[in-house]
Every structure is written in C-alpha cells, then in structure tokens.
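> My file is start.pdb. It has PDB, C-alpha atoms:
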```
MODEL        1
ATOM      1  CA  MET A 542       0.000   0.000   0.000
ATOM      2  CA  THR A 543       2.763   2.388  -0.779
ATOM      3  CA  THR A 544       1.357   3.514  -4.086
ATOM      4  CA  GLY A 545       0.650   7.145  -4.716
ATOM      5  CA  GLU A 546       2.644  10.288  -4.180
ATOM      6  CA  PRO A 547       6.032   9.894  -2.484
ATOM      7  CA  THR A 548       5.820  13.378  -1.044
ATOM      8  CA  ALA A 549       3.559  12.870   1.946
ATOM      9  CA  LEU A 550       5.763  15.110   4.034
ATOM     10  CA  ARG A 551       6.163  17.887   1.501
ATOM     11  CA  PRO A 552       5.850  21.503   2.700
ATOM     12  CA  THR A 553       2.535  23.281   2.716
ATOM     13  CA  THR A 554       1.665  25.559  -0.190
ATOM     14  CA  PRO A 555      -1.452  27.699  -0.500
ATOM     15  CA  THR A 556      -2.336  26.065  -3.816
ATOM     16  CA  SER A 557      -2.030  22.466  -2.589
ATOM     17  CA  GLU A 558      -4.084  23.092   0.557
ATOM     18  CA  ALA A 559      -6.739  25.022  -1.356
ATOM     19  CA  LEU A 560      -7.374  21.942  -3.488
ATOM     20  CA  SER A 561      -7.427  19.523  -0.542
ATOM     21  CA  ARG A 562      -9.944  18.829   2.192
ATOM     22  CA  VAL A 563      -7.264  17.920   4.727
ATOM     23  CA  PRO A 564      -4.070  19.719   5.812
ATOM     24  CA  GLU A 565      -0.567  19.133   4.550
ATOM     25  CA  VAL A 566       1.747  17.185   6.850
ATOM     26  CA  THR A 567       3.997  19.595   8.702
ATOM     27  CA  ALA A 568       5.479  19.882  12.186
ATOM     28  CA  ILE A 569       2.456  21.827  13.433
ATOM     29  CA  PHE A 570       0.179  19.107  12.024
ATOM     30  CA  TRP A 571       1.885  16.442  14.137
ATOM     31  CA  ALA A 572       1.960  18.656  17.221
ATOM     32  CA  THR A 573      -1.769  19.369  16.944
ATOM     33  CA  LYS A 574      -2.564  15.719  16.203
ATOM     34  CA  ALA A 575      -0.689  14.604  19.332
ATOM     35  CA  LEU A 576      -2.532  17.160  21.443
ATOM     36  CA  THR A 577      -5.936  16.045  20.115
ATOM     37  CA  THR A 578      -5.176  12.434  21.049
ATOM     38  CA  ALA A 579      -4.243  13.446  24.579
ATOM     39  CA  MET A 580      -7.201  15.803  24.881
ATOM     40  CA  GLY A 581      -9.589  13.116  23.647
ATOM     41  CA  GLU A 582      -8.364  10.709  26.312
ATOM     42  CA  SER A 583      -8.616  13.224  29.151
ATOM     43  CA  SER A 584     -11.971  14.635  28.027
ATOM     44  CA  SER A 585     -13.485  11.177  27.700
ATOM     45  CA  ASP A 586     -12.256  10.163  31.155
ATOM     46  CA  TYR A 587     -13.629  13.360  32.661
ATOM     47  CA  LEU A 588     -17.039  13.161  30.983
ATOM     48  CA  VAL A 589     -17.768   9.547  31.896
ATOM     49  CA  ARG A 590     -17.063  10.398  35.533
ATOM     50  CA  ALA A 591     -18.846  13.761  35.602
ATOM     51  CA  MET A 592     -22.131  12.313  34.277
ATOM     52  CA  PRO A 593     -23.719   8.933  33.670
ATOM     53  CA  PRO A 594     -21.515   7.071  31.147
ATOM     54  CA  GLU A 595     -24.451   6.467  28.812
ATOM     55  CA  VAL A 596     -25.143  10.201  28.627
ATOM     56  CA  ALA A 597     -21.462  10.940  28.059
ATOM     57  CA  VAL A 598     -21.277   8.489  25.170
ATOM     58  CA  LEU A 599     -24.412   9.932  23.577
ATOM     59  CA  LEU A 600     -23.000  13.452  23.888
ATOM     60  CA  GLY A 601     -19.711  12.267  22.388
ATOM     61  CA  ALA A 602     -21.519  10.656  19.459
ATOM     62  CA  ALA A 603     -23.631  13.774  18.897
ATOM     63  CA  GLY A 604     -20.556  16.008  19.022
ATOM     64  CA  LEU A 605     -18.770  13.806  16.501
ATOM     65  CA  ALA A 606     -21.766  13.795  14.165
ATOM     66  CA  VAL A 607     -22.032  17.597  14.281
ATOM     67  CA  ALA A 608     -18.281  18.034  13.728
ATOM     68  CA  LEU A 609     -18.253  15.691  10.732
ATOM     69  CA  VAL A 610     -21.260  17.377   9.137
ATOM     70  CA  ILE A 611     -19.559  20.760   9.503
ATOM     71  CA  GLN A 612     -16.339  19.388   8.025
ATOM     72  CA  LEU A 613     -17.939  17.501   5.138
ATOM     73  CA  ARG A 614     -20.142  20.441   4.150
ATOM     74  CA  SER A 615     -17.101  22.683   3.838
ATOM     75  CA  GLY A 616     -15.717  20.924   0.755
ATOM     76  CA  ARG A 617     -12.243  22.267   1.518
ATOM     77  CA  TYR A 618      -9.700  22.453   4.306
ATOM     78  CA  VAL A 619     -10.571  25.011   6.970
ATOM     79  CA  PRO A 620      -8.379  24.645  10.075
ATOM     80  CA  TRP A 621     -11.001  25.027  12.786
ATOM     81  CA  ARG A 622     -13.485  22.739  11.026
ATOM     82  CA  TYR A 623     -10.922  20.023  10.414
ATOM     83  CA  TRP A 624      -9.394  20.063  13.897
ATOM     84  CA  PHE A 625     -12.799  20.241  15.549
ATOM     85  CA  ALA A 626     -13.650  17.002  13.738
ATOM     86  CA  VAL A 627     -10.332  15.390  14.732
ATOM     87  CA  SER A 628     -10.846  16.449  18.347
ATOM     88  CA  MET A 629     -14.322  14.922  18.465
ATOM     89  CA  VAL A 630     -12.997  11.732  16.884
ATOM     90  CA  GLY A 631     -10.452  11.692  19.723
ATOM     91  CA  VAL A 632     -13.148  12.019  22.377
ATOM     92  CA  PHE A 633     -15.610   9.541  20.895
ATOM     93  CA  GLY A 634     -12.893   7.129  19.734
ATOM     94  CA  THR A 635     -11.724   6.851  23.335
ATOM     95  CA  MET A 636     -15.270   6.276  24.530
ATOM     96  CA  ALA A 637     -15.881   3.601  21.904
ATOM     97  CA  ALA A 638     -12.728   1.709  22.832
ATOM     98  CA  ASP A 639     -13.541   1.980  26.539
ATOM     99  CA  VAL A 640     -17.120   0.785  26.032
ATOM    100  CA  VAL A 641     -15.810  -2.325  24.279
ATOM    101  CA  HIS A 642     -13.563  -3.104  27.254
ATOM    102  CA  VAL A 643     -15.460  -1.787  30.289
ATOM    103  CA  GLY A 644     -19.021  -2.157  29.071
ATOM    104  CA  LEU A 645     -18.716  -5.395  27.104
ATOM    105  CA  GLY A 646     -15.819  -6.926  29.007
ATOM    106  CA  VAL A 647     -13.677  -7.501  25.916
ATOM    107  CA  PRO A 648      -9.971  -7.826  26.843
ATOM    108  CA  TYR A 649      -7.650  -5.145  25.465
ATOM    109  CA  ALA A 650      -5.693  -7.786  23.544
ATOM    110  CA  VAL A 651      -8.851  -8.886  21.724
ATOM    111  CA  SER A 652     -10.096  -5.348  21.029
ATOM    112  CA  THR A 653      -6.660  -4.322  19.765
ATOM    113  CA  VAL A 654      -6.678  -7.144  17.227
ATOM    114  CA  ALA A 655     -10.295  -6.415  16.274
ATOM    115  CA  PHE A 656      -9.626  -2.715  15.697
ATOM    116  CA  ALA A 657      -6.478  -3.574  13.709
ATOM    117  CA  VAL A 658      -8.516  -5.873  11.463
ATOM    118  CA  GLY A 659     -11.129  -3.152  11.074
ATOM    119  CA  LEU A 660      -8.488  -0.599  10.104
ATOM    120  CA  ALA A 661      -6.972  -3.005   7.591
ATOM    121  CA  ALA A 662     -10.411  -3.581   6.072
ATOM    122  CA  VAL A 663     -10.938   0.178   5.652
ATOM    123  CA  PHE A 664      -7.517   0.495   4.005
ATOM    124  CA  VAL A 665      -8.232  -2.361   1.595
ATOM    125  CA  LEU A 666     -11.667  -1.017   0.638
ATOM    126  CA  TRP A 667     -10.325   2.513   0.235
ATOM    127  CA  HIS A 668      -7.428   1.365  -1.935
ATOM    128  CA  ARG A 669      -9.574  -0.900  -4.109
ATOM    129  CA  THR A 670     -12.144   1.851  -4.606
ATOM    130  CA  GLU A 671      -9.869   4.852  -5.136
ATOM    131  CA  GLY A 672      -6.518   3.309  -6.105
ATOM    132  CA  THR A 673      -4.556   5.277  -3.509
ATOM    133  CA  LEU A 674      -4.343   5.956   0.220
ATOM    134  CA  SER A 675      -2.556   9.259  -0.240
ATOM    135  CA  ILE A 676      -3.853  12.131   1.858
ATOM    136  CA  HIS A 677      -2.979  14.423  -1.054
ATOM    137  CA  SER A 678      -5.840  12.846  -2.997
ATOM    138  CA  ILE A 679      -8.604  13.878  -0.548
ATOM    139  CA  ARG A 680     -10.469  16.133  -2.982
ATOM    140  CA  SER A 681     -13.887  14.470  -3.171
ATOM    141  CA  THR A 682     -16.576  13.580  -0.643
ATOM    142  CA  ARG A 683     -16.148   9.839  -1.164
ATOM    143  CA  ARG A 684     -12.413   9.985  -0.524
ATOM    144  CA  GLU A 685     -12.972  12.192   2.485
ATOM    145  CA  LEU A 686     -15.433   9.657   3.915
ATOM    146  CA  PHE A 687     -12.775   6.960   3.558
ATOM    147  CA  TYR A 688     -10.305   9.301   5.233
ATOM    148  CA  TRP A 689     -12.523   9.902   8.263
ATOM    149  CA  ALA A 690     -13.384   6.214   8.565
ATOM    150  CA  THR A 691      -9.639   5.555   8.676
ATOM    151  CA  VAL A 692      -9.046   8.299  11.244
ATOM    152  CA  MET A 693     -11.748   6.878  13.517
ATOM    153  CA  ALA A 694     -10.321   3.376  13.207
ATOM    154  CA  THR A 695      -6.798   4.606  14.025
ATOM    155  CA  PHE A 696      -8.031   6.378  17.156
ATOM    156  CA  ALA A 697      -9.869   3.301  18.421
ATOM    157  CA  LEU A 698      -6.889   1.062  17.638
ATOM    158  CA  GLY A 699      -4.441   3.454  19.267
ATOM    159  CA  THR A 700      -6.559   3.710  22.420
ATOM    160  CA  ALA A 701      -6.830  -0.057  22.784
ATOM    161  CA  THR A 702      -3.132  -0.538  22.065
ATOM    162  CA  GLY A 703      -2.114   2.063  24.626
ATOM    163  CA  ASP A 704      -4.318   0.507  27.318
ATOM    164  CA  LEU A 705      -3.022  -2.936  26.407
ATOM    165  CA  ALA A 706       0.548  -1.820  27.063
ATOM    166  CA  ALA A 707      -0.166   0.296  30.141
ATOM    167  CA  VAL A 708      -2.737  -1.897  31.886
ATOM    168  CA  THR A 709      -2.675  -5.460  30.577
ATOM    169  CA  LEU A 710       1.102  -5.623  30.223
ATOM    170  CA  HIS A 711       1.538  -3.578  33.438
ATOM    171  CA  LEU A 712       3.976  -1.098  31.930
ATOM    172  CA  GLY A 713       2.202   1.885  33.441
ATOM    173  CA  TYR A 714       1.222   5.036  31.594
ATOM    174  CA  LEU A 715       4.587   6.785  31.629
ATOM    175  CA  ALA A 716       6.520   3.739  30.420
ATOM    176  CA  ALA A 717       3.889   3.077  27.757
ATOM    177  CA  GLY A 718       4.119   6.671  26.534
ATOM    178  CA  LEU A 719       7.904   6.481  26.335
ATOM    179  CA  LEU A 720       7.722   3.100  24.575
ATOM    180  CA  PHE A 721       5.359   4.310  21.866
ATOM    181  CA  SER A 722       7.376   7.511  21.481
ATOM    182  CA  ALA A 723      10.412   5.364  20.736
ATOM    183  CA  VAL A 724       8.436   3.229  18.275
ATOM    184  CA  LEU A 725       7.493   6.454  16.460
ATOM    185  CA  LEU A 726      11.109   6.605  15.325
ATOM    186  CA  VAL A 727      10.505   3.523  13.166
ATOM    187  CA  PRO A 728       8.383   5.217  10.468
ATOM    188  CA  ALA A 729      10.525   8.362  10.665
ATOM    189  CA  ILE A 730      13.784   6.456  10.154
ATOM    190  CA  GLY A 731      12.180   4.101   7.652
ATOM    191  CA  TYR A 732      10.920   6.970   5.518
ATOM    192  CA  ARG A 733      14.094   9.035   5.759
ATOM    193  CA  TRP A 734      16.761   6.379   5.256
ATOM    194  CA  CYS A 735      15.278   2.943   4.531
ATOM    195  CA  GLY A 736      12.941   3.510   1.603
ATOM    196  CA  LEU A 737       9.678   3.146   3.515
ATOM    197  CA  GLY A 738       6.839   4.484   1.381
ATOM    198  CA  ALA A 739       5.483   7.892   2.341
ATOM    199  CA  ILE A 740       1.898   6.677   2.660
ATOM    200  CA  THR A 741       2.828   3.707   4.838
ATOM    201  CA  ALA A 742       5.068   5.895   7.001
ATOM    202  CA  PHE A 743       2.327   8.482   7.427
ATOM    203  CA  TRP A 744      -0.394   6.064   8.550
ATOM    204  CA  PHE A 745       2.059   4.108  10.727
ATOM    205  CA  ALA A 746       2.936   7.330  12.547
ATOM    206  CA  TYR A 747      -0.708   8.431  12.619
ATOM    207  CA  VAL A 748      -1.737   5.303  14.519
ATOM    208  CA  LEU A 749       1.172   5.596  16.961
ATOM    209  CA  THR A 750       0.482   9.198  17.950
ATOM    210  CA  ARG A 751      -2.735   7.992  19.566
ATOM    211  CA  PRO A 752      -1.203   5.746  22.262
ATOM    212  CA  VAL A 753       1.582   8.303  22.768
ATOM    213  CA  GLY A 754      -0.852  11.132  23.503
ATOM    214  CA  ALA A 755      -3.306   9.004  25.448
ATOM    215  CA  SER A 756      -0.614   7.416  27.632
ATOM    216  CA  PHE A 757       0.905  10.748  28.629
ATOM    217  CA  ALA A 758      -2.550  12.271  29.196
ATOM    218  CA  ASP A 759      -3.416   9.393  31.537
ATOM    219  CA  TRP A 760      -0.079   9.753  33.297
ATOM    220  CA  PHE A 761      -0.769  13.412  33.991
ATOM    221  CA  GLY A 762      -4.378  12.865  35.020
ATOM    222  CA  VAL A 763      -4.785   9.590  36.919
ATOM    223  CA  SER A 764      -4.189   9.079  40.632
ATOM    224  CA  ARG A 765      -0.801   8.283  42.109
ATOM    225  CA  GLU A 766      -2.130   4.850  43.063
ATOM    226  CA  ARG A 767      -2.512   4.172  39.325
ATOM    227  CA  GLY A 768       0.940   5.513  38.546
ATOM    228  CA  GLY A 769      -0.038   9.044  37.539
ATOM    229  CA  LEU A 770       0.593  12.591  38.702
ATOM    230  CA  ALA A 771      -2.989  13.043  39.952
ATOM    231  CA  LEU A 772      -3.560  16.362  38.180
ATOM    232  CA  GLY A 773      -7.092  15.330  37.259
ATOM    233  CA  SER A 774      -8.547  14.545  33.842
ATOM    234  CA  GLY A 775     -10.622  17.742  33.785
ATOM    235  CA  PRO A 776      -7.740  20.208  34.252
ATOM    236  CA  VAL A 777      -5.547  18.229  31.853
ATOM    237  CA  ALA A 778      -8.282  18.270  29.209
ATOM    238  CA  LEU A 779      -8.750  22.024  29.644
ATOM    239  CA  VAL A 780      -5.053  22.821  29.246
ATOM    240  CA  LEU A 781      -4.777  20.592  26.180
ATOM    241  CA  THR A 782      -7.882  22.158  24.619
ATOM    242  CA  LEU A 783      -6.418  25.645  25.062
ATOM    243  CA  ALA A 784      -3.164  24.493  23.444
ATOM    244  CA  ILE A 785      -5.087  23.061  20.470
ATOM    245  CA  VAL A 786      -7.050  26.294  20.075
ATOM    246  CA  ALA A 787      -3.789  28.266  20.060
ATOM    247  CA  LEU A 788      -2.237  26.086  17.364
ATOM    248  CA  VAL A 789      -5.376  26.142  15.213
ATOM    249  CA  ALA A 790      -5.511  29.932  15.527
ATOM    250  CA  ARG A 791      -1.910  30.086  14.357
ATOM    251  CA  MET A 792      -2.665  27.853  11.364
ATOM    252  CA  SER A 793      -5.662  30.003  10.459
ATOM    253  CA  ALA A 794      -3.591  33.184  10.669
ATOM    254  CA  THR A 795      -0.876  31.641   8.509
ATOM    255  CA  ARG A 796      -3.403  30.678   5.838
ATOM    256  CA  ARG A 797      -4.921  34.156   5.837
ATOM    257  CA  ALA A 798      -1.479  35.704   5.472
ATOM    258  CA  ALA A 799      -0.620  33.339   2.599
ATOM    259  CA  ALA A 800      -3.919  34.130   0.852
ATOM    260  CA  ARG A 801      -3.153  37.844   1.021
ATOM    261  CA  GLY A 802       0.206  37.130  -0.624
TER     262      GLY A 802
ENDMDL
END
```
Would you give me this structure, written as structure tokens?

Amino acid sequence: MTTGEPTALRPTTPTSEALSRVPEVTAIFWATKALTTAMGESSSDYLVRAMPPEVAVLLGAAGLAVALVIQLRSGRYVPWRYWFAVSMVGVFGTMAADVVHVGLGVPYAVSTVAFAVGLAAVFVLWHRTEGTLSIHSIRSTRRELFYWATVMATFALGTATGDLAAVTLHLGYLAAGLLFSAVLLVPAIGYRWCGLGAITAFWFAYVLTRPVGASFADWFGVSRERGGLALGSGPVALVLTLAIVALVARMSATRRAAARG
C-alpha cells in the first residue's frame, strides 16, 4: 500500500491546501494531532465520571456527528473545522474503545486485534475503490469519507493498544508513553533512510500518535495509586484544549497571510 505520491511530508503551499480537504503534513500538524489524542483521552475520562456514562457516550456521538457534518459540508480544508472534527474523533474514539472493554468486558488484547482488522479492512476497501491511500488525494466527498473512517479506526486502535501496554502488560502510563514515542522513530527512520513508502510511514505514525498522547494524558491525570501525577482529567483536558485552540488559531492566521500574498 505504498502507491501514490512519495511526497507525503512535503511543505505546505497555499495552492495544494486550497485543493485539498485535509491539511498538509507539517510539524504543526503532528503537534496538533498529538494534542488532540491526549485531549480526547482526558476529556473522555472526565465526561464519563462527571455524568452517567451512557449520557457521556451519547454526547460524544452527537458532538462527533455535528463536527463531521460541519467538516464535510465545507468541501475544503478550513483549520477550525478540520481540527474540531479530529478532536471529536479523539473524544468519541476513546469512549468507543472503553465501552468495548469496560461495558462489554472484551480484553484489550482482543479489542486491539479487532480494531487492527477493522483498520486493515478500511484500508483495503479505500485502496480498491480509489486506487490510492494518499492524503494528497482527498479532494472528493467519497475519498474524504474513507479518510474519516480511517481516522476513527486509528483512534480506536491506538486507544486499545495504549491501554493494552499500560494496563494489561503492566507497563504503566509513563513507560507506555515512552515506549510508543520510541516506536514512532521507526516510520521516521524508515521513511528518511530505509525507503519506507510515504503513505505507509504516514499512517504508521498516525496510529502511533494515539497511544503516545493518550498514555501521557493518563499519566498526567490519573491518581498516584494508578501511577499518575494526579492532576485530574478535567484540568488536563482544559489545558490541552487551550493548546489546540492556540495552534489552530496560528494555522488560520498563517493561511490568511498566505492568501493575502
């Protein structure tokens, strides 16, 4: 699945982003993506404790539906629309993975494999239908739907994988975060020096940022008895949300400046 454009990490240009429904891959993209994964974890943990879990899940699903409608109706990349959708995927993706484990009693090892199979199925269907998995090709509604299905699957898989390492394998949240951070070097090194395809490297890294962000968010938020810093999921979620807003505002300002020439 390495077909397509070998420039998945190329710099942003006003023309290329104007034609696309998703952002170019830059340093600020990865920073914002990591923050949304952490924020989604903390927000989900806070909501399911602040209200009945069933209500929290329904609110998460409604928020995701609204965010996706706003994004899909745009027909182009607009920073706040796109990152609002990613943030809501982060919140609801965490809830979905937790419901499978806590609500249905499915072990993390089983849910991790199930979500991996689901992600692979989305990739296969997307590739067979469109002939590419390149994010630079997201210029139609059908391709964007495949893109968001993939994003949701990566969030669920990343959540289950992070919990598998931290809880089932007893690594703890900090060790799990450091482990997945180290594994992130694999696609980076593979792409830079070992001939790993740009598309494969991108999606490999995209999946891994989820357990990285979620593990560190849990480490900051959970109690000391669970190996955390006991800062609380609510305050952690608030700080992360403010950081995301700041980065999105910067991206919006940069686009406006580029449009003015």
> Selection in question (the file shown): the PyMOL selection byres ((chain A and resi 654-659) around 12). Which residues does it include, as a ChimeraX atom specification?
/A:634,637-638,641-642,647-653,660-666,690-702,705,745,748
> What separation in Å, quoted to one decimal, exists between CA of Arg751 (chain A) and CA of Ala575 (chain A)?
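Between CA of Arg751 (chain A) and CA of Ala575 (chain A) the gap is 6.9 Å.
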> Using the chain letters and numbers from the file, give me the residues hit by the PyMOL selection byres ((chain A and resi 772) around 12), as a JSON list (two decimals) with C-alpha atoms, in the coordinates of the input.

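selection-v6.json, written as the output of this step:
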```
[["chain", "number", "residue", "atom", "x", "y", "z"],
["A", 583, "SER", "CA", -8.62, 13.22, 29.15],
["A", 587, "TYR", "CA", -13.63, 13.36, 32.66],
["A", 757, "PHE", "CA", 0.90, 10.75, 28.63],
["A", 758, "ALA", "CA", -2.55, 12.27, 29.20],
["A", 759, "ASP", "CA", -3.42, 9.39, 31.54],
["A", 760, "TRP", "CA", -0.08, 9.75, 33.30],
["A", 761, "PHE", "CA", -0.77, 13.41, 33.99],
["A", 762, "GLY", "CA", -4.38, 12.86, 35.02],
["A", 763, "VAL", "CA", -4.78, 9.59, 36.92],
["A", 764, "SER", "CA", -4.19, 9.08, 40.63],
["A", 765, "ARG", "CA", -0.80, 8.28, 42.11],
["A", 768, "GLY", "CA", 0.94, 5.51, 38.55],
["A", 769, "GLY", "CA", -0.04, 9.04, 37.54],
["A", 770, "LEU", "CA", 0.59, 12.59, 38.70],
["A", 771, "ALA", "CA", -2.99, 13.04, 39.95],
["A", 773, "GLY", "CA", -7.09, 15.33, 37.26],
["A", 774, "SER", "CA", -8.55, 14.54, 33.84],
["A", 775, "GLY", "CA", -10.62, 17.74, 33.78],
["A", 776, "PRO", "CA", -7.74, 20.21, 34.25],
["A", 777, "VAL", "CA", -5.55, 18.23, 31.85],
["A", 778, "ALA", "CA", -8.28, 18.27, 29.21],
["A", 779, "LEU", "CA", -8.75, 22.02, 29.64],
["A", 780, "VAL", "CA", -5.05, 22.82, 29.25]]
```
> Any chance you could work out the residue set of the PyMOL selection byres ((chain A and resi 596-603) around 12) here, as an MDAnalysis selection string?
chainID A and resid 581 584:595 604:610 626 628:640 644
> As a PDB file with C-alpha atoms, keeping the file's coordinate frame, please: the residues near Ala784 (chain A) (cut-off 10 Å, all atoms listed in the file, same-chain neighbours under 4 positions excluded).

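For reference, out_21.pdb as written:
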```
ATOM      1  CA  ALA A 572       1.960  18.656  17.221  1.00  0.00           C
ATOM      2  CA  THR A 573      -1.769  19.369  16.944  1.00  0.00           C
ATOM      3  CA  LEU A 576      -2.532  17.160  21.443  1.00  0.00           C
ATOM      4  CA  THR A 577      -5.936  16.045  20.115  1.00  0.00           C
ATOM      5  CA  MET A 580      -7.201  15.803  24.881  1.00  0.00           C
ATOM      6  CA  ALA A 778      -8.282  18.270  29.209  1.00  0.00           C
ATOM      7  CA  LEU A 779      -8.750  22.024  29.644  1.00  0.00           C
ATOM      8  CA  VAL A 780      -5.053  22.821  29.246  1.00  0.00           C
ATOM      9  CA  LEU A 788      -2.237  26.086  17.364  1.00  0.00           C
ATOM     10  CA  VAL A 789      -5.376  26.142  15.213  1.00  0.00           C
ATOM     11  CA  ALA A 790      -5.511  29.932  15.527  1.00  0.00           C
TER      12      ALA A 790
END
```
> Measure the distance from CA of Trp621 (chain A) to CA of Ser678 (chain A) in Å and round it to one decimal.
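Between CA of Trp621 (chain A) and CA of Ser678 (chain A) the gap works out to 20.6 Å.
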> Go ahead and compute the interatomic distance for CA of Ala799 (chain A) and CA of Val627 (chain A), in Å to one decimal.
23.7 Å
> With all atoms listed in the file as the atoms that count, which of A:Pro620, A:Glu766, A:Leu613, A:Leu645 lies nearest to Ile569 (chain A)?
A:Pro620
> Using all atoms listed in the file, which of A:Gly703, A:Gly646, A:Gly672, A:Gly616 sits nearest Thr750 (chain A)?
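Residue with the minimum atom-to-atom distance to Thr750 (chain A): A:Gly703.
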> Nearest residue to Leu749 (chain A) out of A:Gly736, A:Leu720, A:Ile730, A:Leu712, using only C-alpha atoms?
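Closest to Leu749 (chain A), using only C-alpha atoms: A:Leu720.
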> Compare A:Leu726, A:Ala739, A:Ala706, A:Leu715 by their minimum atom-to-atom distance to Ile676 (chain A), counting all atoms listed in the file, and give me the closest one.
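Going through A:Leu726, A:Ala739, A:Ala706, A:Leu715 one by one, the smallest distance to Ile676 (chain A) is for A:Ala739.
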> Nearest to Thr578 (chain A) among A:Trp624, A:Val724, A:Leu719, A:Arg684, with distances taken over all atoms listed in the file: which residue is it?
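Once distances to Thr578 (chain A) are computed over all atoms listed in the file, the minimum belongs to A:Trp624.
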> Can you rebuild region 630-650 of chain A with N, CA and C atoms and give it as a short mmCIF file (atom, residue, chain, number, x, y, z; two decimals), in the frame of the given file?

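out.cif, freshly written:
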```cif
data_model
loop_
_atom_site.label_atom_id
_atom_site.label_comp_id
_atom_site.auth_asym_id
_atom_site.auth_seq_id
_atom_site.Cartn_x
_atom_site.Cartn_y
_atom_site.Cartn_z
N VAL A 630 -13.36 13.12 17.12
CA VAL A 630 -13.00 11.73 16.88
C VAL A 630 -12.17 11.22 18.06
N GLY A 631 -11.27 12.08 18.58
CA GLY A 631 -10.45 11.69 19.72
C GLY A 631 -11.29 11.39 20.95
N VAL A 632 -12.29 12.23 21.21
CA VAL A 632 -13.15 12.02 22.38
C VAL A 632 -14.00 10.76 22.20
N PHE A 633 -14.71 10.68 21.08
CA PHE A 633 -15.61 9.54 20.90
C PHE A 633 -14.84 8.25 20.64
N GLY A 634 -13.69 8.33 19.95
CA GLY A 634 -12.89 7.13 19.73
C GLY A 634 -12.45 6.51 21.04
N THR A 635 -12.09 7.35 22.01
CA THR A 635 -11.72 6.85 23.34
C THR A 635 -12.91 6.19 24.00
N MET A 636 -14.07 6.85 23.92
CA MET A 636 -15.27 6.28 24.53
C MET A 636 -15.62 4.93 23.91
N ALA A 637 -15.53 4.85 22.58
CA ALA A 637 -15.88 3.60 21.90
C ALA A 637 -14.97 2.46 22.34
N ALA A 638 -13.67 2.74 22.41
CA ALA A 638 -12.73 1.71 22.83
C ALA A 638 -12.97 1.31 24.28
N ASP A 639 -13.29 2.29 25.13
CA ASP A 639 -13.54 1.98 26.54
C ASP A 639 -14.84 1.20 26.73
N VAL A 640 -15.86 1.52 25.93
CA VAL A 640 -17.12 0.78 26.03
C VAL A 640 -16.90 -0.69 25.69
N VAL A 641 -16.08 -0.94 24.67
CA VAL A 641 -15.81 -2.33 24.28
C VAL A 641 -15.17 -3.08 25.44
N HIS A 642 -14.26 -2.42 26.16
CA HIS A 642 -13.56 -3.10 27.25
C HIS A 642 -14.38 -3.09 28.55
N VAL A 643 -14.79 -1.91 29.00
CA VAL A 643 -15.46 -1.79 30.29
C VAL A 643 -16.91 -2.27 30.22
N GLY A 644 -17.61 -1.81 29.18
CA GLY A 644 -19.02 -2.16 29.07
C GLY A 644 -19.28 -3.58 28.63
N LEU A 645 -18.50 -4.06 27.66
CA LEU A 645 -18.72 -5.40 27.10
C LEU A 645 -17.76 -6.43 27.65
N GLY A 646 -16.75 -5.98 28.40
CA GLY A 646 -15.82 -6.93 29.01
C GLY A 646 -14.84 -7.57 28.05
N VAL A 647 -14.62 -6.95 26.89
CA VAL A 647 -13.68 -7.50 25.92
C VAL A 647 -12.25 -7.15 26.34
N PRO A 648 -11.36 -8.12 26.45
CA PRO A 648 -9.97 -7.83 26.84
C PRO A 648 -9.30 -6.89 25.84
N TYR A 649 -8.34 -6.08 26.35
CA TYR A 649 -7.65 -5.14 25.46
C TYR A 649 -6.92 -5.86 24.33
N ALA A 650 -6.40 -7.05 24.59
CA ALA A 650 -5.69 -7.79 23.54
C ALA A 650 -6.64 -8.13 22.40
#
```
